$ cat target_18.txt   # compact mmCIF, C-alpha atoms
# COMPACT_ATOMS: atom_id res chain seq x y z
CA MET A 1 -7.59 5.35 22.07
CA SER A 2 -4.45 7.40 22.76
CA THR A 3 -4.18 11.06 21.82
CA ILE A 4 -1.52 10.22 19.24
CA GLU A 5 -3.71 7.56 17.64
CA SER A 6 -6.63 9.98 17.55
CA ASN A 7 -4.47 12.71 16.04
CA LEU A 8 -3.19 10.34 13.39
CA GLN A 9 -6.73 9.45 12.42
CA VAL A 10 -7.58 13.14 12.04
CA VAL A 11 -4.49 13.81 9.91
CA ARG A 12 -5.15 10.79 7.71
CA ALA A 13 -8.72 11.96 7.22
CA ARG A 14 -7.44 15.39 6.19
CA ILE A 15 -5.16 13.77 3.61
CA VAL A 16 -8.00 11.65 2.23
CA ALA A 17 -10.31 14.66 2.00
CA ALA A 18 -7.71 16.83 0.30
CA ALA A 19 -6.75 14.12 -2.15
CA THR A 20 -10.36 13.35 -3.01
CA ALA A 21 -11.14 17.03 -3.56
CA ALA A 22 -8.15 17.29 -5.89
CA GLY A 23 -9.13 14.18 -7.86
CA ARG A 24 -6.15 12.21 -6.55
CA GLU A 25 -5.88 8.78 -4.97
CA PRO A 26 -5.23 9.13 -1.22
CA GLY A 27 -2.78 6.25 -1.47
CA GLU A 28 -0.48 8.47 -3.54
CA ILE A 29 0.34 10.55 -0.45
CA ALA A 30 2.61 9.20 2.28
CA LEU A 31 2.39 10.55 5.83
CA LEU A 32 5.75 11.32 7.39
CA ALA A 33 5.46 11.86 11.15
CA VAL A 34 7.94 14.54 12.21
CA SER A 35 9.24 13.27 15.51
CA LYS A 36 11.90 15.83 16.45
CA THR A 37 12.00 16.39 20.24
CA VAL A 38 9.44 13.55 20.61
CA ALA A 39 10.29 10.76 23.06
CA ALA A 40 10.78 7.20 21.85
CA GLY A 41 7.67 6.13 23.75
CA GLU A 42 5.52 8.48 21.68
CA ILE A 43 7.01 7.09 18.49
CA ARG A 44 6.14 3.61 19.75
CA ALA A 45 2.56 4.79 20.27
CA ALA A 46 2.44 6.17 16.72
CA HIS A 47 3.84 2.90 15.39
CA ALA A 48 1.17 0.99 17.30
CA ALA A 49 -1.37 3.18 15.52
CA GLY A 50 0.01 2.17 12.13
CA GLN A 51 2.63 4.85 11.47
CA ARG A 52 5.87 3.58 9.90
CA GLU A 53 7.80 6.60 8.62
CA PHE A 54 9.36 9.22 10.89
CA GLY A 55 11.33 12.39 10.22
CA GLU A 56 14.11 13.81 12.38
CA ASN A 57 15.79 17.25 12.25
CA TYR A 58 18.70 16.66 14.61
CA VAL A 59 21.31 14.02 13.84
CA GLN A 60 22.32 12.94 17.35
CA GLU A 61 18.74 12.86 18.60
CA GLY A 62 17.65 10.88 15.58
CA MET A 63 20.46 8.35 15.96
CA GLU A 64 19.52 7.75 19.58
CA LYS A 65 15.91 7.03 18.62
CA ILE A 66 16.92 4.80 15.73
CA ALA A 67 19.01 2.75 18.16
CA ALA A 68 16.31 2.66 20.84
CA LEU A 69 13.63 1.59 18.36
CA SER A 70 15.73 -0.73 16.20
CA ALA A 71 13.40 -3.66 16.86
CA LEU A 72 10.56 -1.88 15.06
CA PRO A 73 10.30 -1.88 11.23
CA LEU A 74 10.53 1.90 10.85
CA ILE A 75 11.73 4.06 7.97
CA TRP A 76 13.78 7.07 9.05
CA HIS A 77 13.98 10.34 7.13
CA PHE A 78 16.45 13.12 7.86
CA ILE A 79 14.72 16.42 7.12
CA GLY A 80 16.87 19.06 8.84
CA PRO A 81 19.77 21.24 7.68
CA ILE A 82 22.89 19.18 6.98
CA GLN A 83 26.29 20.06 8.39
CA SER A 84 29.31 18.61 6.59
CA ASN A 85 30.59 16.93 9.74
CA LYS A 86 27.26 15.10 10.16
CA THR A 87 27.06 13.53 6.72
CA ARG A 88 28.62 10.21 7.74
CA SER A 89 26.18 9.73 10.61
CA ILE A 90 23.24 10.59 8.36
CA ALA A 91 24.42 8.27 5.59
CA GLU A 92 24.96 5.39 8.00
CA HIS A 93 21.69 5.61 9.94
CA PHE A 94 18.91 7.12 7.83
CA ASP A 95 16.92 5.76 4.88
CA TRP A 96 15.96 9.09 3.31
CA VAL A 97 17.43 12.61 3.25
CA HIS A 98 15.10 15.43 2.21
CA SER A 99 17.39 18.42 2.65
CA VAL A 100 20.25 18.15 0.16
CA ALA A 101 21.06 21.58 -1.27
CA ARG A 102 24.78 21.39 -2.14
CA VAL A 103 26.83 19.07 -4.32
CA LYS A 104 29.50 18.81 -1.61
CA ILE A 105 26.95 17.45 0.87
CA ALA A 106 25.65 14.94 -1.67
CA GLN A 107 29.19 13.78 -2.42
CA ARG A 108 29.93 13.25 1.27
CA LEU A 109 26.68 11.31 1.73
CA ALA A 110 27.54 9.10 -1.24
CA GLU A 111 31.03 8.41 0.05
CA ALA A 112 29.75 7.53 3.53
CA ARG A 113 26.78 5.37 2.55
CA PRO A 114 27.56 1.80 3.65
CA THR A 115 27.82 -0.57 0.71
CA GLY A 116 25.76 -3.14 2.58
CA ARG A 117 22.70 -0.89 2.63
CA GLY A 118 20.51 0.11 -0.25
CA PRO A 119 20.87 3.49 -1.91
CA LEU A 120 20.14 6.54 0.23
CA GLU A 121 16.90 8.09 -1.03
CA ILE A 122 17.48 11.78 -1.78
CA CYS A 123 15.29 14.86 -2.17
CA LEU A 124 16.71 18.25 -3.10
CA GLN A 125 15.52 21.10 -0.89
CA VAL A 126 14.29 24.09 -2.88
CA ASN A 127 14.17 27.56 -1.32
CA VAL A 128 10.94 28.40 -3.04
CA SER A 129 10.19 31.57 -1.03
CA GLY A 130 13.65 33.10 -1.45
CA GLU A 131 14.17 33.47 2.30
CA GLN A 132 17.80 34.14 3.19
CA SER A 133 17.33 32.38 6.54
CA LYS A 134 15.97 29.22 4.91
CA SER A 135 18.08 26.35 3.64
CA GLY A 136 17.66 25.18 0.09
CA VAL A 137 18.85 25.68 -3.44
CA ALA A 138 17.47 28.48 -5.62
CA PRO A 139 14.93 27.26 -8.20
CA GLU A 140 17.21 28.16 -11.11
CA ALA A 141 19.99 26.01 -9.63
CA VAL A 142 17.88 22.86 -9.18
CA ARG A 143 18.70 21.32 -12.58
CA PRO A 144 22.52 21.45 -12.22
CA LEU A 145 22.29 20.07 -8.69
CA ALA A 146 19.96 17.29 -9.81
CA GLU A 147 22.38 16.31 -12.58
CA ALA A 148 25.28 16.16 -10.15
CA VAL A 149 23.38 14.11 -7.55
CA ARG A 150 22.00 11.71 -10.12
CA ALA A 151 25.55 10.82 -11.14
CA LEU A 152 26.70 9.87 -7.63
CA PRO A 153 26.92 6.24 -6.47
CA ARG A 154 24.89 4.87 -3.55
CA LEU A 155 22.35 7.69 -3.82
CA ARG A 156 18.94 7.55 -5.50
CA LEU A 157 17.51 10.93 -6.47
CA ARG A 158 13.77 10.78 -5.78
CA GLY A 159 12.49 14.34 -6.01
CA LEU A 160 12.18 17.74 -4.39
CA MET A 161 11.40 19.09 -0.93
CA ALA A 162 10.28 22.57 0.06
CA ILE A 163 9.38 24.49 3.21
CA PRO A 164 7.68 27.67 1.97
CA GLU A 165 7.43 30.72 4.19
CA PRO A 166 4.40 30.24 6.47
CA SER A 167 1.21 31.88 5.23
CA GLU A 168 -2.48 31.54 6.03
CA ASN A 169 -3.31 32.59 2.46
CA ILE A 170 -4.21 29.35 0.72
CA VAL A 171 -3.83 30.96 -2.72
CA LEU A 172 -0.24 31.86 -1.87
CA GLN A 173 0.34 28.43 -0.35
CA ARG A 174 -0.84 26.77 -3.53
CA ARG A 175 1.19 29.08 -5.77
CA ARG A 176 4.41 28.20 -3.95
CA PHE A 177 3.73 24.48 -3.93
CA ALA A 178 2.76 24.64 -7.61
CA SER A 179 6.13 26.21 -8.40
CA VAL A 180 7.87 23.19 -6.83
CA ARG A 181 5.68 20.81 -8.79
CA LEU A 182 6.55 22.68 -11.99
CA LEU A 183 10.27 22.24 -11.22
CA LEU A 184 9.72 18.50 -10.80
CA GLU A 185 7.78 18.34 -14.05
CA GLN A 186 10.60 20.16 -15.85
CA LEU A 187 13.16 17.71 -14.50
CA ASN A 188 11.02 14.77 -15.56
CA ALA A 189 10.57 16.26 -19.02
CA ALA A 190 14.38 16.14 -19.19
CA GLY A 191 14.34 12.45 -18.34
CA PHE A 192 15.01 12.39 -14.59
CA GLY A 193 12.11 10.06 -13.72
CA LEU A 194 11.45 11.55 -10.27
CA ASP A 195 8.44 10.53 -8.20
CA THR A 196 8.57 12.51 -4.94
CA LEU A 197 7.34 15.92 -3.83
CA SER A 198 7.97 16.33 -0.10
CA MET A 199 5.92 19.37 0.84
CA GLY A 200 3.17 20.37 3.22
CA MET A 201 3.07 20.48 7.00
CA SER A 202 0.39 20.62 9.68
CA GLN A 203 -0.91 24.05 8.69
CA ASP A 204 -0.83 23.73 4.89
CA LEU A 205 -1.09 20.06 3.97
CA GLU A 206 -4.33 20.61 2.02
CA ALA A 207 -2.70 23.10 -0.35
CA ALA A 208 0.30 20.81 -0.75
CA VAL A 209 -1.82 17.76 -1.56
CA THR A 210 -3.83 19.81 -4.05
CA GLU A 211 -0.60 20.75 -5.83
CA GLY A 212 0.81 17.25 -6.01
CA ALA A 213 2.60 16.44 -2.74
CA THR A 214 3.51 12.76 -2.41
CA ILE A 215 4.92 13.10 1.13
CA VAL A 216 3.49 15.44 3.76
CA ARG A 217 5.62 16.10 6.85
CA ILE A 218 3.36 16.38 9.88
CA GLY A 219 4.56 16.99 13.43
CA THR A 220 2.40 19.32 15.51
CA ALA A 221 -0.92 17.86 14.35
CA ILE A 222 0.25 14.42 15.52
CA PHE A 223 2.43 15.03 18.57
CA GLY A 224 1.32 18.50 19.68
CA GLU A 225 3.39 21.65 20.15
CA ARG A 226 7.09 21.19 20.87
CA ASN A 227 9.34 23.50 22.84
CA ARG A 228 12.36 23.39 20.52
CA ALA A 229 12.25 24.80 17.00
$ encode --input "target_18.txt" --output "structure tokens"
Amino acid sequence: MSTIESNLQVVRARIVAAATAAGREPGEIALLAVSKTVAAGEIRAAHAAGQREFGENYVQEGMEKIAALSALPLIWHFIGPIQSNKTRSIAEHFDWVHSVARVKIAQRLAEARPTGRGPLEICLQVNVSGEQSKSGVAPEAVRPLAEAVRALPRLRLRGLMAIPEPSENIVLQRRRFASVRLLLEQLNAAGFGLDTLSMGMSQDLEAAVTEGATIVRIGTAIFGERNRA
């Protein structure tokens, strides 16, 4: 068994344990393997171990991997900050985008999405910790952004994404994730019909699953430490 296969088994077991402890079905939580700075060969190894969904932070790097691995039935998520001049490339090559935080970016993605592909699946990134250095929309601005994105063609608004400030305090972890879940619940009470909470990484996936995550984004626990942030 390869290291990557072994690591995937450990991560999947963590998800099952966390879901079971929270009274949730493990099948409700999708594992997104964060493959930034990871070579195509390692992604192939993860695919061989049953992994299908991968997340990239850098547009050019992601496009190169998508091309190199085009023969495999993979689903590609863009999870990094979005520059306006990269929206066309993202819209043309990725299946999901987790990091939409501005109407202008959503409009550009909608305009660039090829008509021959299905809708681009969209999550709005929420800056739940209020960090000035962190991308994302403020919680109070989520509803107006959601309304604008929902109205755009060739996009499908699925839910919310968050990257809280790192903390080893599980109570604080849960509080922040719970605040994102509450935002989703408020949107759904207003008729949005969203089904996705993209939250939780290698160090805090248990807290995220407990608070309702439907996608956990795991990199280090699968592929090991990377040199580039």
$ atom_distance --input "target_18.txt" --atom1 "CA of Thr210 (chain A)" --atom2 "CA of Ala19 (chain A)"
6.7 Å
$ closest_residue --input "target_18.txt" --among "A:Ala106, A:Ala18, A:Ala151, A:Ile29" --to "Ala207 (chain A)" --atoms "only C-alpha atoms"
A:Ala18
$ closest_residue --input "target_18.txt" --among "A:Glu225, A:Glu168, A:Asp195, A:Glu206" --to "Thr20 (chain A)" --atoms "all atoms listed in the file"
A:Glu206
$ closest_residue --input "target_18.txt" --among "A:Cys123, A:Leu145, A:Ile43, A:Val171" --to "Ala208 (chain A)" --atoms "only C-alpha atoms"
A:Val171
$ closest_residue --input "target_18.txt" --among "A:Thr220, A:Val126, A:Arg154, A:Ser99" --to "Leu184 (chain A)" --atoms "all atoms listed in the file"
A:Val126
$ closest_residue --input "target_18.txt" --among "A:Val142, A:Gly224, A:Ser70, A:Arg102" --to "Leu182 (chain A)" --atoms "only C-alpha atoms"
A:Val142
$ closest_residue --input "target_18.txt" --among "A:Ser179, A:Pro144, A:Phe54, A:Val209" --to "Ala21 (chain A)" --atoms "all atoms listed in the file"
A:Val209
$ residues_around --input "target_18.txt" --residues "Gln107 (chain A)" --least-positions-apart "6" --cutoff "12 Å" --atoms "only C-alpha atoms" --output "list in words"
Ser84, Thr87, Arg88, Ala91, Val100, Ala101, Arg113, Leu120, Ile122, Leu145, Ala148, Val149, Arg150, Ala151, Leu152, Pro153, Arg154 and Leu155 of chain A
$ atom_distance --input "target_18.txt" --atom1 "CA of His47 (chain A)" --atom2 "CA of Met1 (chain A)"
13.5 Å
$ atom_distance --input "target_18.txt" --atom1 "CA of Leu74 (chain A)" --atom2 "CA of Ala30 (chain A)"
13.8 Å
$ closest_atom_pairs --input "target_18.txt" --of "region 38-104 of chain A" --to "region 216-219 of chain A" --cutoff "12 Å" --atoms "only C-alpha atoms" --output "JSON lines"
{"residue": "A:Val38", "atom": "CA", "partner": "A:Gly219", "partner_atom": "CA", "distance": 9.3}
{"residue": "A:Glu42", "atom": "CA", "partner": "A:Gly219", "partner_atom": "CA", "distance": 11.9}
{"residue": "A:Ile43", "atom": "CA", "partner": "A:Gly219", "partner_atom": "CA", "distance": 11.4}
{"residue": "A:Ala46", "atom": "CA", "partner": "A:Gly219", "partner_atom": "CA", "distance": 11.5}
{"residue": "A:Gln51", "atom": "CA", "partner": "A:Ile218", "partner_atom": "CA", "distance": 11.7}
{"residue": "A:Glu53", "atom": "CA", "partner": "A:Arg217", "partner_atom": "CA", "distance": 9.9}
{"residue": "A:Phe54", "atom": "CA", "partner": "A:Arg217", "partner_atom": "CA", "distance": 8.8}
{"residue": "A:Gly55", "atom": "CA", "partner": "A:Arg217", "partner_atom": "CA", "distance": 7.6}
{"residue": "A:Glu56", "atom": "CA", "partner": "A:Gly219", "partner_atom": "CA", "distance": 10.1}
{"residue": "A:Asn57", "atom": "CA", "partner": "A:Gly219", "partner_atom": "CA", "distance": 11.3}
{"residue": "A:His77", "atom": "CA", "partner": "A:Arg217", "partner_atom": "CA", "distance": 10.2}
{"residue": "A:Phe78", "atom": "CA", "partner": "A:Arg217", "partner_atom": "CA", "distance": 11.3}
{"residue": "A:Ile79", "atom": "CA", "partner": "A:Arg217", "partner_atom": "CA", "distance": 9.1}
{"residue": "A:Gly80", "atom": "CA", "partner": "A:Arg217", "partner_atom": "CA", "distance": 11.8}
{"residue": "A:His98", "atom": "CA", "partner": "A:Arg217", "partner_atom": "CA", "distance": 10.6}
$ axis_aligned_box --input "target_18.txt" --around "region 145-157 of chain A" --padding-each-side "8 Å" --output "AutoDock Vina command-line options"
--center_x 22.2 --center_y 12.5 --center_z -8.1 --size_x 25.4 --size_y 31.2 --size_z 25.0
$ residues_near_point --input "target_18.txt" --point "(11.2, 12.8, -9.4)" --cutoff "7 Å" --atoms "all atoms listed in the file" --output "tab-separated table (two decimals) with C-alpha atoms, in the frame of the given file"
chain	number	residue	atom	x	y	z
A	158	ARG	CA	13.77	10.78	-5.78
A	159	GLY	CA	12.49	14.34	-6.01
A	184	LEU	CA	9.72	18.50	-10.80
A	188	ASN	CA	11.02	14.77	-15.56
A	192	PHE	CA	15.01	12.39	-14.59
A	193	GLY	CA	12.11	10.06	-13.72
A	194	LEU	CA	11.45	11.55	-10.27
A	195	ASP	CA	8.44	10.53	-8.20
A	196	THR	CA	8.57	12.51	-4.94
$ residues_around --input "target_18.txt" --residues "Thr3 (chain A)" --least-positions-apart "2" --cutoff "10 Å" --atoms "only C-alpha atoms" --output "list in words"
Met1, Glu5, Ser6, Asn7, Leu8, Gln9, Ala45, Ala46, Ile222, Phe223 and Gly224 of chain A
$ build_atoms --input "target_18.txt" --residues "region 175-186 of chain A" --atoms "all heavy atoms" --output "tab-separated table (two decimals), in the coordinates of the input"
chain	number	residue	atom	x	y	z
A	175	ARG	N	0.29	28.55	-4.74
A	175	ARG	CA	1.19	29.08	-5.77
A	175	ARG	C	2.62	28.60	-5.52
A	175	ARG	O	3.32	28.20	-6.45
A	175	ARG	CB	1.13	30.60	-5.78
A	175	ARG	CG	1.98	31.24	-6.89
A	175	ARG	CD	1.94	32.75	-6.78
A	175	ARG	NE	0.56	33.24	-6.76
A	175	ARG	CZ	0.13	34.22	-5.98
A	175	ARG	NH1	0.95	34.80	-5.11
A	175	ARG	NH2	-1.11	34.62	-6.05
A	176	ARG	N	3.05	28.63	-4.27
A	176	ARG	CA	4.41	28.20	-3.95
A	176	ARG	C	4.60	26.71	-4.16
A	176	ARG	O	5.60	26.26	-4.71
A	176	ARG	CB	4.76	28.61	-2.52
A	176	ARG	CG	4.98	30.12	-2.38
A	176	ARG	CD	5.11	30.55	-0.95
A	176	ARG	NE	5.50	31.95	-0.85
A	176	ARG	CZ	5.36	32.68	0.23
A	176	ARG	NH1	4.80	32.16	1.33
A	176	ARG	NH2	5.74	33.94	0.26
A	177	PHE	N	3.62	25.92	-3.71
A	177	PHE	CA	3.73	24.48	-3.93
A	177	PHE	C	3.67	24.15	-5.42
A	177	PHE	O	4.36	23.24	-5.88
A	177	PHE	CB	2.61	23.75	-3.18
A	177	PHE	CG	2.77	23.76	-1.69
A	177	PHE	CD1	1.69	24.02	-0.86
A	177	PHE	CD2	3.99	23.49	-1.10
A	177	PHE	CE1	1.82	24.01	0.52
A	177	PHE	CE2	4.13	23.49	0.28
A	177	PHE	CZ	3.06	23.76	1.08
A	178	ALA	N	2.86	24.88	-6.16
A	178	ALA	CA	2.76	24.64	-7.61
A	178	ALA	C	4.09	24.91	-8.29
A	178	ALA	O	4.46	24.24	-9.26
A	178	ALA	CB	1.67	25.51	-8.21
A	179	SER	N	4.83	25.90	-7.79
A	179	SER	CA	6.13	26.21	-8.40
A	179	SER	C	7.12	25.06	-8.20
A	179	SER	O	7.96	24.79	-9.07
A	179	SER	CB	6.70	27.51	-7.83
A	179	SER	OG	7.11	27.36	-6.48
A	180	VAL	N	7.01	24.35	-7.07
A	180	VAL	CA	7.87	23.19	-6.83
A	180	VAL	C	7.46	22.05	-7.75
A	180	VAL	O	8.31	21.36	-8.34
A	180	VAL	CB	7.81	22.75	-5.35
A	180	VAL	CG1	8.80	21.61	-5.10
A	180	VAL	CG2	8.12	23.92	-4.42
A	181	ARG	N	6.16	21.86	-7.88
A	181	ARG	CA	5.68	20.81	-8.79
A	181	ARG	C	6.14	21.08	-10.22
A	181	ARG	O	6.55	20.15	-10.94
A	181	ARG	CB	4.15	20.73	-8.75
A	181	ARG	CG	3.56	19.78	-9.78
A	181	ARG	CD	2.06	19.60	-9.61
A	181	ARG	NE	1.34	20.84	-9.44
A	181	ARG	CZ	1.03	21.68	-10.41
A	181	ARG	NH1	1.39	21.40	-11.67
A	181	ARG	NH2	0.34	22.77	-10.16
A	182	LEU	N	6.11	22.33	-10.64
A	182	LEU	CA	6.55	22.68	-11.99
A	182	LEU	C	8.03	22.34	-12.18
A	182	LEU	O	8.43	21.82	-13.22
A	182	LEU	CB	6.32	24.17	-12.25
A	182	LEU	CG	6.77	24.68	-13.63
A	182	LEU	CD1	6.05	23.94	-14.75
A	182	LEU	CD2	6.51	26.19	-13.74
A	183	LEU	N	8.84	22.60	-11.14
A	183	LEU	CA	10.27	22.24	-11.22
A	183	LEU	C	10.44	20.74	-11.41
A	183	LEU	O	11.26	20.29	-12.22
A	183	LEU	CB	10.99	22.69	-9.96
A	183	LEU	CG	11.28	24.19	-9.80
A	183	LEU	CD1	11.81	24.47	-8.40
A	183	LEU	CD2	12.29	24.65	-10.85
A	184	LEU	N	9.65	19.95	-10.67
A	184	LEU	CA	9.72	18.50	-10.80
A	184	LEU	C	9.30	18.07	-12.21
A	184	LEU	O	9.94	17.20	-12.82
A	184	LEU	CB	8.84	17.82	-9.76
A	184	LEU	CG	9.02	16.30	-9.68
A	184	LEU	CD1	10.20	15.95	-8.78
A	184	LEU	CD2	7.76	15.63	-9.14
A	185	GLU	N	8.26	18.68	-12.71
A	185	GLU	CA	7.78	18.34	-14.05
A	185	GLU	C	8.84	18.68	-15.10
A	185	GLU	O	9.04	17.93	-16.07
A	185	GLU	CB	6.47	19.07	-14.35
A	185	GLU	CG	5.30	18.56	-13.52
A	185	GLU	CD	4.05	19.42	-13.66
A	185	GLU	OE1	4.14	20.49	-14.31
A	185	GLU	OE2	3.00	19.02	-13.14
A	186	GLN	N	9.54	19.79	-14.91
A	186	GLN	CA	10.60	20.16	-15.85
A	186	GLN	C	11.75	19.16	-15.81
A	186	GLN	O	12.30	18.79	-16.86
A	186	GLN	CB	11.09	21.58	-15.52
A	186	GLN	CG	10.08	22.66	-15.82
A	186	GLN	CD	10.48	24.02	-15.28
A	186	GLN	OE1	11.38	24.13	-14.44
A	186	GLN	NE2	9.82	25.07	-15.75
